[in-house]
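What's in entry-v7.pdb: PDB, C-alpha atoms
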ATOM      1  CA  MET F   1       1.638  12.182  -1.280  1.00  0.00           C
ATOM      2  CA  SER F   2       2.669   8.561  -1.536  1.00  0.00           C
ATOM      3  CA  ASN F   3       2.622   6.909  -4.947  1.00  0.00           C
ATOM      4  CA  PHE F   4       1.181   3.665  -3.622  1.00  0.00           C
ATOM      5  CA  SER F   5      -1.645   2.256  -1.517  1.00  0.00           C
ATOM      6  CA  LYS F   6      -2.041  -1.340  -0.334  1.00  0.00           C
ATOM      7  CA  ILE F   7      -4.829  -3.465   1.118  1.00  0.00           C
ATOM      8  CA  SER F   8      -4.846  -7.018   2.463  1.00  0.00           C
ATOM      9  CA  VAL F   9      -8.241  -8.312   1.445  1.00  0.00           C
ATOM     10  CA  PRO F  10     -10.374 -10.067   4.099  1.00  0.00           C
ATOM     11  CA  SER F  11     -12.547 -13.067   3.237  1.00  0.00           C
ATOM     12  CA  ASP F  12     -15.853 -11.192   3.226  1.00  0.00           C
ATOM     13  CA  ALA F  13     -18.499 -12.077   0.664  1.00  0.00           C
ATOM     14  CA  ARG F  14     -17.551  -9.050  -1.449  1.00  0.00           C
ATOM     15  CA  VAL F  15     -14.907  -6.367  -1.107  1.00  0.00           C
ATOM     16  CA  GLU F  16     -14.688  -3.363  -3.438  1.00  0.00           C
ATOM     17  CA  LEU F  17     -11.277  -1.719  -3.790  1.00  0.00           C
ATOM     18  CA  HIS F  18     -11.876   1.465  -5.834  1.00  0.00           C
ATOM     19  CA  ASP F  19     -12.244   3.844  -2.896  1.00  0.00           C
ATOM     20  CA  GLN F  20     -10.044   1.875  -0.488  1.00  0.00           C
ATOM     21  CA  ILE F  21      -6.877   2.113  -2.599  1.00  0.00           C
ATOM     22  CA  GLY F  22      -7.766   5.110  -4.772  1.00  0.00           C
ATOM     23  CA  LEU F  23      -8.158   3.479  -8.152  1.00  0.00           C
ATOM     24  CA  THR F  24      -8.746   5.799 -11.133  1.00  0.00           C
ATOM     25  CA  GLY F  25      -8.577   3.475 -14.143  1.00  0.00           C
ATOM     26  CA  ALA F  26     -10.438   0.418 -12.823  1.00  0.00           C
ATOM     27  CA  GLU F  27     -12.728  -0.941 -10.163  1.00  0.00           C
ATOM     28  CA  VAL F  28     -11.712  -4.239  -8.580  1.00  0.00           C
ATOM     29  CA  SER F  29     -14.031  -6.400  -6.497  1.00  0.00           C
ATOM     30  CA  ILE F  30     -13.172  -9.618  -4.705  1.00  0.00           C
ATOM     31  CA  ASN F  31     -16.105 -12.022  -4.566  1.00  0.00           C
ATOM     32  CA  ASN F  32     -16.452 -15.173  -2.475  1.00  0.00           C
ATOM     33  CA  LEU F  33     -19.297 -17.607  -3.128  1.00  0.00           C
ATOM     34  CA  PRO F  34     -19.789 -20.664  -0.906  1.00  0.00           C
ATOM     35  CA  ALA F  35     -20.393 -24.077  -2.491  1.00  0.00           C
ATOM     36  CA  GLY F  36     -23.727 -24.174  -4.293  1.00  0.00           C
ATOM     37  CA  ALA F  37     -24.168 -20.390  -4.370  1.00  0.00           C
ATOM     38  CA  SER F  38     -24.353 -17.979  -7.274  1.00  0.00           C
ATOM     39  CA  VAL F  39     -24.459 -14.279  -7.936  1.00  0.00           C
ATOM     40  CA  PRO F  40     -28.246 -13.786  -7.721  1.00  0.00           C
ATOM     41  CA  PHE F  41     -28.694 -11.986 -11.050  1.00  0.00           C
ATOM     42  CA  VAL F  42     -27.513 -11.845 -14.669  1.00  0.00           C
ATOM     43  CA  HIS F  43     -25.857  -8.607 -15.720  1.00  0.00           C
ATOM     44  CA  SER F  44     -24.107  -6.853 -18.570  1.00  0.00           C
ATOM     45  CA  HIS F  45     -22.447  -3.433 -18.841  1.00  0.00           C
ATOM     46  CA  LYS F  46     -22.908  -0.173 -20.682  1.00  0.00           C
ATOM     47  CA  GLN F  47     -19.240   0.515 -21.471  1.00  0.00           C
ATOM     48  CA  ASN F  48     -17.039  -1.540 -19.153  1.00  0.00           C
ATOM     49  CA  GLU F  49     -15.003  -4.579 -20.156  1.00  0.00           C
ATOM     50  CA  GLU F  50     -14.687  -7.012 -17.251  1.00  0.00           C
ATOM     51  CA  ILE F  51     -11.668  -9.205 -16.543  1.00  0.00           C
ATOM     52  CA  TYR F  52     -12.189 -12.027 -14.060  1.00  0.00           C
ATOM     53  CA  VAL F  53      -9.527 -14.149 -12.367  1.00  0.00           C
ATOM     54  CA  VAL F  54     -10.315 -17.216 -10.293  1.00  0.00           C
ATOM     55  CA  LEU F  55      -8.252 -16.939  -7.106  1.00  0.00           C
ATOM     56  CA  SER F  56      -9.271 -20.277  -5.543  1.00  0.00           C
ATOM     57  CA  GLY F  57     -11.889 -23.008  -5.807  1.00  0.00           C
ATOM     58  CA  ASN F  58     -13.971 -23.680  -8.865  1.00  0.00           C
ATOM     59  CA  GLY F  59     -17.320 -23.061 -10.481  1.00  0.00           C
ATOM     60  CA  LYS F  60     -18.647 -21.745 -13.744  1.00  0.00           C
ATOM     61  CA  VAL F  61     -19.788 -18.625 -15.488  1.00  0.00           C
ATOM     62  CA  VAL F  62     -22.669 -18.539 -17.941  1.00  0.00           C
ATOM     63  CA  VAL F  63     -22.157 -15.953 -20.706  1.00  0.00           C
ATOM     64  CA  ASP F  64     -25.000 -15.435 -23.190  1.00  0.00           C
ATOM     65  CA  GLY F  65     -26.320 -18.861 -22.212  1.00  0.00           C
ATOM     66  CA  GLU F  66     -22.988 -20.665 -22.689  1.00  0.00           C
ATOM     67  CA  GLU F  67     -21.411 -22.410 -19.676  1.00  0.00           C
ATOM     68  CA  ILE F  68     -17.665 -21.934 -19.109  1.00  0.00           C
ATOM     69  CA  ALA F  69     -15.983 -24.051 -16.426  1.00  0.00           C
ATOM     70  CA  LEU F  70     -13.720 -22.082 -14.074  1.00  0.00           C
ATOM     71  CA  THR F  71     -10.887 -23.108 -11.790  1.00  0.00           C
ATOM     72  CA  ALA F  72      -8.064 -21.340  -9.950  1.00  0.00           C
ATOM     73  CA  GLY F  73      -5.682 -19.623 -12.380  1.00  0.00           C
ATOM     74  CA  ASP F  74      -8.289 -19.017 -15.086  1.00  0.00           C
ATOM     75  CA  TRP F  75      -8.591 -15.509 -16.512  1.00  0.00           C
ATOM     76  CA  ILE F  76     -11.558 -14.476 -18.617  1.00  0.00           C
ATOM     77  CA  ARG F  77     -12.475 -11.311 -20.507  1.00  0.00           C
ATOM     78  CA  ILE F  78     -16.142 -10.489 -20.973  1.00  0.00           C
ATOM     79  CA  ALA F  79     -17.226  -7.769 -23.392  1.00  0.00           C
ATOM     80  CA  PRO F  80     -19.623  -5.110 -22.044  1.00  0.00           C
ATOM     81  CA  GLU F  81     -22.652  -6.611 -23.769  1.00  0.00           C
ATOM     82  CA  GLY F  82     -22.074 -10.198 -22.584  1.00  0.00           C
ATOM     83  CA  LYS F  83     -24.864 -11.324 -20.237  1.00  0.00           C
ATOM     84  CA  ARG F  84     -23.055 -13.061 -17.365  1.00  0.00           C
ATOM     85  CA  GLN F  85     -23.747 -14.925 -14.134  1.00  0.00           C
ATOM     86  CA  PHE F  86     -21.208 -16.624 -11.820  1.00  0.00           C
ATOM     87  CA  PHE F  87     -21.732 -19.839  -9.855  1.00  0.00           C
ATOM     88  CA  ALA F  88     -19.700 -21.787  -7.306  1.00  0.00           C
ATOM     89  CA  SER F  89     -19.606 -25.544  -7.830  1.00  0.00           C
ATOM     90  CA  ASP F  90     -22.014 -27.652  -5.793  1.00  0.00           C
ATOM     91  CA  ASP F  91     -19.025 -29.100  -3.908  1.00  0.00           C
ATOM     92  CA  SER F  92     -16.582 -26.154  -3.905  1.00  0.00           C
ATOM     93  CA  ALA F  93     -16.552 -22.517  -2.958  1.00  0.00           C
ATOM     94  CA  ILE F  94     -15.070 -20.066  -5.458  1.00  0.00           C
ATOM     95  CA  SER F  95     -13.150 -16.845  -4.905  1.00  0.00           C
ATOM     96  CA  PHE F  96     -12.715 -14.544  -7.875  1.00  0.00           C
ATOM     97  CA  ALA F  97     -11.668 -10.989  -8.601  1.00  0.00           C
ATOM     98  CA  CYS F  98     -13.546  -8.834 -11.100  1.00  0.00           C
ATOM     99  CA  ILE F  99     -11.662  -5.970 -12.741  1.00  0.00           C
ATOM    100  CA  GLN F 100     -13.863  -3.368 -14.464  1.00  0.00           C
ATOM    101  CA  VAL F 101     -12.199  -1.122 -17.044  1.00  0.00           C
ATOM    102  CA  LYS F 102     -13.606   1.116 -19.749  1.00  0.00           C
ATOM    103  CA  ALA F 103     -13.553  -0.867 -23.008  1.00  0.00           C
ATOM    104  CA  GLY F 104     -11.086   0.628 -25.499  1.00  0.00           C
ATOM    105  CA  SER F 105      -9.464   2.917 -22.929  1.00  0.00           C
ATOM    106  CA  LEU F 106      -5.956   1.429 -22.939  1.00  0.00           C
ATOM    107  CA  GLU F 107      -3.493   3.331 -25.106  1.00  0.00           C
ATOM    108  CA  GLY F 108       0.203   2.427 -24.780  1.00  0.00           C
ATOM    109  CA  TYR F 109       1.302  -0.343 -22.416  1.00  0.00           C
ATOM    110  CA  THR F 110       4.405  -2.147 -21.272  1.00  0.00           C
ATOM    111  CA  LYS F 111       7.165  -1.140 -23.736  1.00  0.00           C
ATOM    112  CA  THR F 112       5.318   1.900 -25.049  1.00  0.00           C
ATOM    113  CA  ASP F 113       4.281   3.212 -21.627  1.00  0.00           C
ATOM    114  CA  ALA F 114       7.058   2.159 -19.244  1.00  0.00           C
ATOM    115  CA  ILE F 115      10.010   4.345 -18.275  1.00  0.00           C
ATOM    116  CA  ILE F 116      13.080   2.339 -17.265  1.00  0.00           C
TER     117      ILE F 116
ATOM    118  CA  MET C   1     -18.478 -13.297 -32.291  1.00  0.00           C
ATOM    119  CA  SER C   2     -18.397 -14.593 -28.725  1.00  0.00           C
ATOM    120  CA  ASN C   3     -18.557 -12.078 -25.898  1.00  0.00           C
ATOM    121  CA  PHE C   4     -15.929 -13.892 -23.844  1.00  0.00           C
ATOM    122  CA  SER C   5     -12.435 -15.351 -24.034  1.00  0.00           C
ATOM    123  CA  LYS C   6     -10.693 -17.472 -21.379  1.00  0.00           C
ATOM    124  CA  ILE C   7      -7.140 -18.589 -20.650  1.00  0.00           C
ATOM    125  CA  SER C   8      -5.742 -20.959 -18.022  1.00  0.00           C
ATOM    126  CA  VAL C   9      -2.398 -19.420 -17.179  1.00  0.00           C
ATOM    127  CA  PRO C  10       0.674 -21.693 -17.130  1.00  0.00           C
ATOM    128  CA  SER C  11       3.440 -21.271 -14.566  1.00  0.00           C
ATOM    129  CA  ASP C  12       5.903 -19.594 -16.928  1.00  0.00           C
ATOM    130  CA  ALA C  13       8.090 -16.781 -15.645  1.00  0.00           C
ATOM    131  CA  ARG C  14       5.834 -14.195 -17.304  1.00  0.00           C
ATOM    132  CA  VAL C  15       2.632 -14.440 -19.292  1.00  0.00           C
ATOM    133  CA  GLU C  16       0.996 -11.439 -20.974  1.00  0.00           C
ATOM    134  CA  LEU C  17      -2.748 -11.655 -21.583  1.00  0.00           C
ATOM    135  CA  HIS C  18      -3.617  -8.583 -23.711  1.00  0.00           C
ATOM    136  CA  ASP C  19      -3.393 -10.302 -27.089  1.00  0.00           C
ATOM    137  CA  GLN C  20      -4.332 -13.771 -25.856  1.00  0.00           C
ATOM    138  CA  ILE C  21      -7.764 -12.812 -24.565  1.00  0.00           C
ATOM    139  CA  GLY C  22      -8.336  -9.605 -26.558  1.00  0.00           C
ATOM    140  CA  LEU C  23      -8.165  -7.004 -23.807  1.00  0.00           C
ATOM    141  CA  THR C  24      -8.970  -3.397 -24.796  1.00  0.00           C
ATOM    142  CA  GLY C  25      -9.039  -1.538 -21.474  1.00  0.00           C
ATOM    143  CA  ALA C  26      -6.083  -3.154 -19.672  1.00  0.00           C
ATOM    144  CA  GLU C  27      -2.982  -5.262 -20.013  1.00  0.00           C
ATOM    145  CA  VAL C  28      -2.562  -8.073 -17.503  1.00  0.00           C
ATOM    146  CA  SER C  29       0.694  -9.914 -16.889  1.00  0.00           C
ATOM    147  CA  ILE C  30       1.272 -12.856 -14.573  1.00  0.00           C
ATOM    148  CA  ASN C  31       4.761 -12.851 -13.092  1.00  0.00           C
ATOM    149  CA  ASN C  32       6.513 -15.644 -11.200  1.00  0.00           C
ATOM    150  CA  LEU C  33       9.764 -14.984  -9.359  1.00  0.00           C
ATOM    151  CA  PRO C  34      11.649 -17.820  -7.631  1.00  0.00           C
ATOM    152  CA  ALA C  35      12.936 -17.342  -4.075  1.00  0.00           C
ATOM    153  CA  GLY C  36      15.699 -14.731  -3.972  1.00  0.00           C
ATOM    154  CA  ALA C  37      14.893 -13.288  -7.395  1.00  0.00           C
ATOM    155  CA  SER C  38      13.711  -9.841  -8.408  1.00  0.00           C
ATOM    156  CA  VAL C  39      12.529  -7.998 -11.468  1.00  0.00           C
ATOM    157  CA  PRO C  40      15.922  -6.832 -12.786  1.00  0.00           C
ATOM    158  CA  PHE C  41      15.074  -3.143 -13.148  1.00  0.00           C
ATOM    159  CA  VAL C  42      13.198  -0.245 -11.564  1.00  0.00           C
ATOM    160  CA  HIS C  43      10.418   1.251 -13.692  1.00  0.00           C
ATOM    161  CA  SER C  44       7.649   3.820 -13.727  1.00  0.00           C
ATOM    162  CA  HIS C  45       5.003   4.674 -16.308  1.00  0.00           C
ATOM    163  CA  LYS C  46       4.010   7.537 -18.575  1.00  0.00           C
ATOM    164  CA  GLN C  47       0.235   7.331 -18.098  1.00  0.00           C
ATOM    165  CA  ASN C  48      -0.670   3.910 -16.744  1.00  0.00           C
ATOM    166  CA  GLU C  49      -1.808   3.145 -13.198  1.00  0.00           C
ATOM    167  CA  GLU C  50      -0.758  -0.341 -12.151  1.00  0.00           C
ATOM    168  CA  ILE C  51      -2.722  -2.630  -9.844  1.00  0.00           C
ATOM    169  CA  TYR C  52      -0.842  -5.612  -8.441  1.00  0.00           C
ATOM    170  CA  VAL C  53      -2.290  -8.655  -6.688  1.00  0.00           C
ATOM    171  CA  VAL C  54      -0.159 -11.269  -4.957  1.00  0.00           C
ATOM    172  CA  LEU C  55      -1.502 -14.664  -6.052  1.00  0.00           C
ATOM    173  CA  SER C  56       0.813 -16.824  -3.924  1.00  0.00           C
ATOM    174  CA  GLY C  57       4.038 -16.690  -1.940  1.00  0.00           C
ATOM    175  CA  ASN C  58       5.532 -13.538  -0.532  1.00  0.00           C
ATOM    176  CA  GLY C  59       8.112 -10.856  -1.125  1.00  0.00           C
ATOM    177  CA  LYS C  60       8.252  -7.091  -1.277  1.00  0.00           C
ATOM    178  CA  VAL C  61       7.966  -4.138  -3.588  1.00  0.00           C
ATOM    179  CA  VAL C  62      10.098  -1.043  -3.280  1.00  0.00           C
ATOM    180  CA  VAL C  63       8.254   2.123  -4.358  1.00  0.00           C
ATOM    181  CA  ASP C  64      10.202   5.395  -4.412  1.00  0.00           C
ATOM    182  CA  GLY C  65      12.704   3.792  -2.040  1.00  0.00           C
ATOM    183  CA  GLU C  66      10.091   2.583   0.476  1.00  0.00           C
ATOM    184  CA  GLU C  67       9.785  -1.171   1.140  1.00  0.00           C
ATOM    185  CA  ILE C  68       6.281  -2.679   1.270  1.00  0.00           C
ATOM    186  CA  ALA C  69       5.932  -6.301   2.435  1.00  0.00           C
ATOM    187  CA  LEU C  70       3.717  -8.445   0.192  1.00  0.00           C
ATOM    188  CA  THR C  71       1.883 -11.707   0.783  1.00  0.00           C
ATOM    189  CA  ALA C  72      -0.902 -13.630  -0.942  1.00  0.00           C
ATOM    190  CA  GLY C  73      -4.155 -11.644  -1.007  1.00  0.00           C
ATOM    191  CA  ASP C  74      -2.491  -8.222  -0.994  1.00  0.00           C
ATOM    192  CA  TRP C  75      -3.612  -5.691  -3.608  1.00  0.00           C
ATOM    193  CA  ILE C  76      -1.603  -2.556  -4.295  1.00  0.00           C
ATOM    194  CA  ARG C  77      -2.154   0.466  -6.531  1.00  0.00           C
ATOM    195  CA  ILE C  78       0.901   2.277  -7.851  1.00  0.00           C
ATOM    196  CA  ALA C  79       0.567   5.685  -9.529  1.00  0.00           C
ATOM    197  CA  PRO C  80       2.230   6.090 -12.944  1.00  0.00           C
ATOM    198  CA  GLU C  81       5.150   8.089 -11.544  1.00  0.00           C
ATOM    199  CA  GLY C  82       5.992   5.664  -8.707  1.00  0.00           C
ATOM    200  CA  LYS C  83       9.422   4.070  -9.215  1.00  0.00           C
ATOM    201  CA  ARG C  84       8.862   0.368  -8.453  1.00  0.00           C
ATOM    202  CA  GLN C  85      10.764  -2.912  -8.243  1.00  0.00           C
ATOM    203  CA  PHE C  86       9.425  -6.317  -7.135  1.00  0.00           C
ATOM    204  CA  PHE C  87      11.335  -8.964  -5.172  1.00  0.00           C
ATOM    205  CA  ALA C  88      10.584 -12.518  -4.041  1.00  0.00           C
ATOM    206  CA  SER C  89      11.560 -13.314  -0.446  1.00  0.00           C
ATOM    207  CA  ASP C  90      14.866 -15.079   0.100  1.00  0.00           C
ATOM    208  CA  ASP C  91      12.945 -18.165   1.250  1.00  0.00           C
ATOM    209  CA  SER C  92       9.767 -17.959  -0.862  1.00  0.00           C
ATOM    210  CA  ALA C  93       8.795 -17.613  -4.478  1.00  0.00           C
ATOM    211  CA  ILE C  94       6.141 -15.038  -5.354  1.00  0.00           C
ATOM    212  CA  SER C  95       3.472 -15.057  -8.041  1.00  0.00           C
ATOM    213  CA  PHE C  96       1.723 -11.803  -8.799  1.00  0.00           C
ATOM    214  CA  ALA C  97      -0.499 -10.299 -11.453  1.00  0.00           C
ATOM    215  CA  CYS C  98       0.039  -6.770 -12.770  1.00  0.00           C
ATOM    216  CA  ILE C  99      -2.946  -4.949 -14.270  1.00  0.00           C
ATOM    217  CA  GLN C 100      -2.079  -1.874 -16.342  1.00  0.00           C
ATOM    218  CA  VAL C 101      -4.849   0.659 -16.961  1.00  0.00           C
ATOM    219  CA  LYS C 102      -4.812   4.252 -18.164  1.00  0.00           C
ATOM    220  CA  ALA C 103      -4.925   6.471 -15.069  1.00  0.00           C
ATOM    221  CA  GLY C 104      -8.183   8.417 -14.876  1.00  0.00           C
ATOM    222  CA  SER C 105      -9.875   6.376 -17.619  1.00  0.00           C
ATOM    223  CA  LEU C 106     -12.671   4.821 -15.558  1.00  0.00           C
ATOM    224  CA  GLU C 107     -15.995   6.590 -15.853  1.00  0.00           C
ATOM    225  CA  GLY C 108     -19.075   4.846 -14.416  1.00  0.00           C
ATOM    226  CA  TYR C 109     -18.725   1.482 -12.681  1.00  0.00           C
ATOM    227  CA  THR C 110     -20.817  -1.094 -10.873  1.00  0.00           C
ATOM    228  CA  LYS C 111     -24.193   0.568 -10.211  1.00  0.00           C
ATOM    229  CA  THR C 112     -23.718   3.327 -12.770  1.00  0.00           C
ATOM    230  CA  ASP C 113     -22.437   1.030 -15.544  1.00  0.00           C
ATOM    231  CA  ALA C 114     -24.188  -2.304 -14.985  1.00  0.00           C
ATOM    232  CA  ILE C 115     -27.396  -3.361 -16.713  1.00  0.00           C
ATOM    233  CA  ILE C 116     -29.418  -5.878 -14.685  1.00  0.00           C
TER     234      ILE C 116
END

Before we go any further, please render this structure as structure tokens.
Amino acid sequence: MSNFSKISVPSDARVELHDQIGLTGAEVSINNLPAGASVPFVHSHKQNEEIYVVLSGNGKVVVDGEEIALTAGDWIRIAPEGKRQFFASDDSAISFACIQVKAGSLEGYTKTDAII
Amino acid sequence: MSNFSKISVPSDARVELHDQIGLTGAEVSINNLPAGASVPFVHSHKQNEEIYVVLSGNGKVVVDGEEIALTAGDWIRIAPEGKRQFFASDDSAISFACIQVKAGSLEGYTKTDAII
């Protein structure tokens, strides 16, 4: 079986990659909000750390009531218990990826996990 | 302590986020190769699955000797044992993020891990 799987992500409102590319250590979703829109709920997690990257546009995320401005190239980690909600700007859409991983699950990495 | 940490990534050749934003379930690196350049070695991993996203530009990755074309918006999973090397195109730089996670570490996610 091949050691890789690739997807070119369409510009749907939300695309989830776990099953499409066979992820086993993360879930990745791509989320596109038009200008003025938001994710319609606040959420937190039981055990998953979330890592967000802004792919294009700008907006904000509110974490535990605190507003954090977001623009393309920003990366943000949110602990499982952080209560979060994402918003596009009033005058800009935002596209962001959300990477869910189990908090504390990483053991070695880079120099201690790579074989060259 | 705050439940979030954010970084705006500069356009250096390589930026590693694990320590900068306190990741515990992944390492994320942002990698920028100018046109004609490549990562100067082939590597695989002991236990980490890698998820790559092309942020801009285009190029290719060779996995186990097979060439896969890459352009902005592509996501690719590579199993730990896949022997991989990334290249920018001859006429285009490429910027990509690499997300390292422990293969098999994800338990619940989205509906089974979120609290709304």

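We find CA of Leu106 in chain F and CA of Thr71 in chain C to be spaced 28.2 Å apart.
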
The coordinates of chain C, once least-squares superposed on chain F over all sequentially paired C-alpha atoms, should be supplied as a short mmCIF file (atom, residue, chain, number, x, y, z; two decimals) with C-alpha atoms, in the coordinates of the input.
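The result, written out as part-v6.cif:
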data_model
loop_
_atom_site.label_atom_id
_atom_site.label_comp_id
_atom_site.auth_asym_id
_atom_site.auth_seq_id
_atom_site.Cartn_x
_atom_site.Cartn_y
_atom_site.Cartn_z
CA MET C 1 1.59 12.18 -1.28
CA SER C 2 2.66 8.55 -1.55
CA ASN C 3 2.61 6.91 -4.96
CA PHE C 4 1.17 3.66 -3.62
CA SER C 5 -1.65 2.26 -1.52
CA LYS C 6 -2.05 -1.35 -0.34
CA ILE C 7 -4.85 -3.47 1.11
CA SER C 8 -4.86 -7.03 2.45
CA VAL C 9 -8.26 -8.32 1.44
CA PRO C 10 -10.39 -10.07 4.08
CA SER C 11 -12.55 -13.08 3.25
CA ASP C 12 -15.85 -11.19 3.22
CA ALA C 13 -18.48 -12.08 0.66
CA ARG C 14 -17.55 -9.05 -1.45
CA VAL C 15 -14.92 -6.36 -1.10
CA GLU C 16 -14.68 -3.36 -3.44
CA LEU C 17 -11.27 -1.72 -3.78
CA HIS C 18 -11.87 1.46 -5.84
CA ASP C 19 -12.25 3.83 -2.90
CA GLN C 20 -10.04 1.88 -0.50
CA ILE C 21 -6.89 2.12 -2.59
CA GLY C 22 -7.77 5.13 -4.77
CA LEU C 23 -8.16 3.48 -8.16
CA THR C 24 -8.75 5.81 -11.14
CA GLY C 25 -8.57 3.48 -14.15
CA ALA C 26 -10.43 0.42 -12.82
CA GLU C 27 -12.72 -0.94 -10.16
CA VAL C 28 -11.71 -4.23 -8.58
CA SER C 29 -14.03 -6.40 -6.50
CA ILE C 30 -13.16 -9.62 -4.70
CA ASN C 31 -16.09 -12.02 -4.57
CA ASN C 32 -16.45 -15.18 -2.48
CA LEU C 33 -19.29 -17.61 -3.13
CA PRO C 34 -19.79 -20.67 -0.91
CA ALA C 35 -20.39 -24.09 -2.50
CA GLY C 36 -23.74 -24.18 -4.29
CA ALA C 37 -24.16 -20.40 -4.36
CA SER C 38 -24.35 -17.99 -7.27
CA VAL C 39 -24.46 -14.29 -7.93
CA PRO C 40 -28.25 -13.78 -7.73
CA PHE C 41 -28.69 -11.98 -11.04
CA VAL C 42 -27.52 -11.85 -14.66
CA HIS C 43 -25.85 -8.59 -15.71
CA SER C 44 -24.09 -6.85 -18.56
CA HIS C 45 -22.45 -3.44 -18.84
CA LYS C 46 -22.89 -0.17 -20.68
CA GLN C 47 -19.23 0.51 -21.48
CA ASN C 48 -17.04 -1.54 -19.16
CA GLU C 49 -15.01 -4.60 -20.15
CA GLU C 50 -14.68 -7.01 -17.25
CA ILE C 51 -11.66 -9.21 -16.55
CA TYR C 52 -12.18 -12.03 -14.06
CA VAL C 53 -9.53 -14.15 -12.36
CA VAL C 54 -10.33 -17.21 -10.29
CA LEU C 55 -8.25 -16.94 -7.10
CA SER C 56 -9.28 -20.27 -5.55
CA GLY C 57 -11.90 -23.00 -5.80
CA ASN C 58 -13.97 -23.68 -8.86
CA GLY C 59 -17.32 -23.07 -10.47
CA LYS C 60 -18.66 -21.73 -13.74
CA VAL C 61 -19.79 -18.61 -15.50
CA VAL C 62 -22.67 -18.53 -17.93
CA VAL C 63 -22.17 -15.95 -20.70
CA ASP C 64 -25.01 -15.42 -23.19
CA GLY C 65 -26.33 -18.85 -22.20
CA GLU C 66 -23.01 -20.67 -22.68
CA GLU C 67 -21.42 -22.41 -19.67
CA ILE C 68 -17.67 -21.93 -19.11
CA ALA C 69 -15.98 -24.06 -16.42
CA LEU C 70 -13.72 -22.08 -14.07
CA THR C 71 -10.88 -23.11 -11.78
CA ALA C 72 -8.06 -21.34 -9.96
CA GLY C 73 -5.68 -19.61 -12.38
CA ASP C 74 -8.29 -19.01 -15.09
CA TRP C 75 -8.58 -15.50 -16.52
CA ILE C 76 -11.56 -14.48 -18.62
CA ARG C 77 -12.46 -11.32 -20.52
CA ILE C 78 -16.13 -10.49 -20.97
CA ALA C 79 -17.23 -7.77 -23.40
CA PRO C 80 -19.61 -5.11 -22.03
CA GLU C 81 -22.65 -6.61 -23.77
CA GLY C 82 -22.09 -10.20 -22.58
CA LYS C 83 -24.87 -11.34 -20.24
CA ARG C 84 -23.04 -13.07 -17.36
CA GLN C 85 -23.74 -14.93 -14.13
CA PHE C 86 -21.21 -16.62 -11.82
CA PHE C 87 -21.74 -19.84 -9.85
CA ALA C 88 -19.70 -21.79 -7.30
CA SER C 89 -19.61 -25.56 -7.84
CA ASP C 90 -22.01 -27.66 -5.79
CA ASP C 91 -19.03 -29.10 -3.91
CA SER C 92 -16.59 -26.16 -3.90
CA ALA C 93 -16.55 -22.53 -2.96
CA ILE C 94 -15.07 -20.07 -5.45
CA SER C 95 -13.15 -16.85 -4.91
CA PHE C 96 -12.71 -14.55 -7.87
CA ALA C 97 -11.67 -11.00 -8.60
CA CYS C 98 -13.54 -8.83 -11.10
CA ILE C 99 -11.65 -5.96 -12.74
CA GLN C 100 -13.85 -3.37 -14.47
CA VAL C 101 -12.20 -1.12 -17.05
CA LYS C 102 -13.60 1.13 -19.76
CA ALA C 103 -13.54 -0.86 -23.01
CA GLY C 104 -11.09 0.62 -25.50
CA SER C 105 -9.46 2.92 -22.93
CA LEU C 106 -5.95 1.44 -22.96
CA GLU C 107 -3.48 3.33 -25.11
CA GLY C 108 0.22 2.43 -24.78
CA TYR C 109 1.30 -0.34 -22.41
CA THR C 110 4.42 -2.15 -21.28
CA LYS C 111 7.17 -1.14 -23.73
CA THR C 112 5.34 1.91 -25.06
CA ASP C 113 4.29 3.22 -21.63
CA ALA C 114 7.07 2.17 -19.25
CA ILE C 115 10.01 4.36 -18.28
CA ILE C 116 13.09 2.35 -17.27
#

Next on the checklist: Show me, as a ChimeraX atom specification, every residue of chain F with an atom at most 8 Å from chain C, counting all atoms listed in the file.
Outcome noted: /F:3-9,21-27,41-49,55,63-64,73-79,81-82,100-107,109,113-116

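Straight-line separation from CA of Asp12 in chain F to CA of Pro34 in chain F: 11.1 Å.
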
Checklist entry - Rounded to one decimal in Å, what is the spacing between CA of Ala35 in chain F and CA of Asp90 in chain F? => result 5.1 Å

Give me the box for range 2-20 of chain F as lines of an AutoDock Vina configuration file, namely the centre and edge lengths in Å to one decimal of a box along x, y and z that holds every listed atom plus 6 Å on each side.
center_x = -7.9
center_y = -2.3
center_z = -0.9
size_x = 33.2
size_y = 33.6
size_z = 21.9

Checklist entry - Please, which residues are within 7 Å of (-18.2, -10.0, -3.9) by the file's coordinates, counting only C-alpha atoms, and could they come as a list in words? => result Ala13, Arg14, Val15, Ser29, Ile30, Asn31 and Asn32 of chain F

Checklist entry - When distances are computed from all atoms listed in the file, which of C:Glu67, C:Gln85, C:Gly59, C:Met1 shows the smallest separation from Gly36 in chain C? => result C:Gly59

As a compact mmCIF listing (two decimals), in the coordinates of the input, the rebuilt range 47-51 of chain C with N, CA and C atoms:
# COMPACT_ATOMS: atom_id res chain seq x y z
N GLN C 47 1.64 7.00 -18.43
CA GLN C 47 0.24 7.33 -18.10
C GLN C 47 -0.53 6.19 -17.46
N ASN C 48 0.09 5.04 -17.28
CA ASN C 48 -0.67 3.91 -16.74
C ASN C 48 -0.54 3.74 -15.23
N GLU C 49 -1.70 3.61 -14.59
CA GLU C 49 -1.81 3.14 -13.20
C GLU C 49 -1.59 1.63 -13.22
N GLU C 50 -0.89 1.11 -12.23
CA GLU C 50 -0.76 -0.34 -12.15
C GLU C 50 -1.39 -0.84 -10.86
N ILE C 51 -2.09 -1.97 -10.99
CA ILE C 51 -2.72 -2.63 -9.84
C ILE C 51 -2.09 -4.02 -9.77
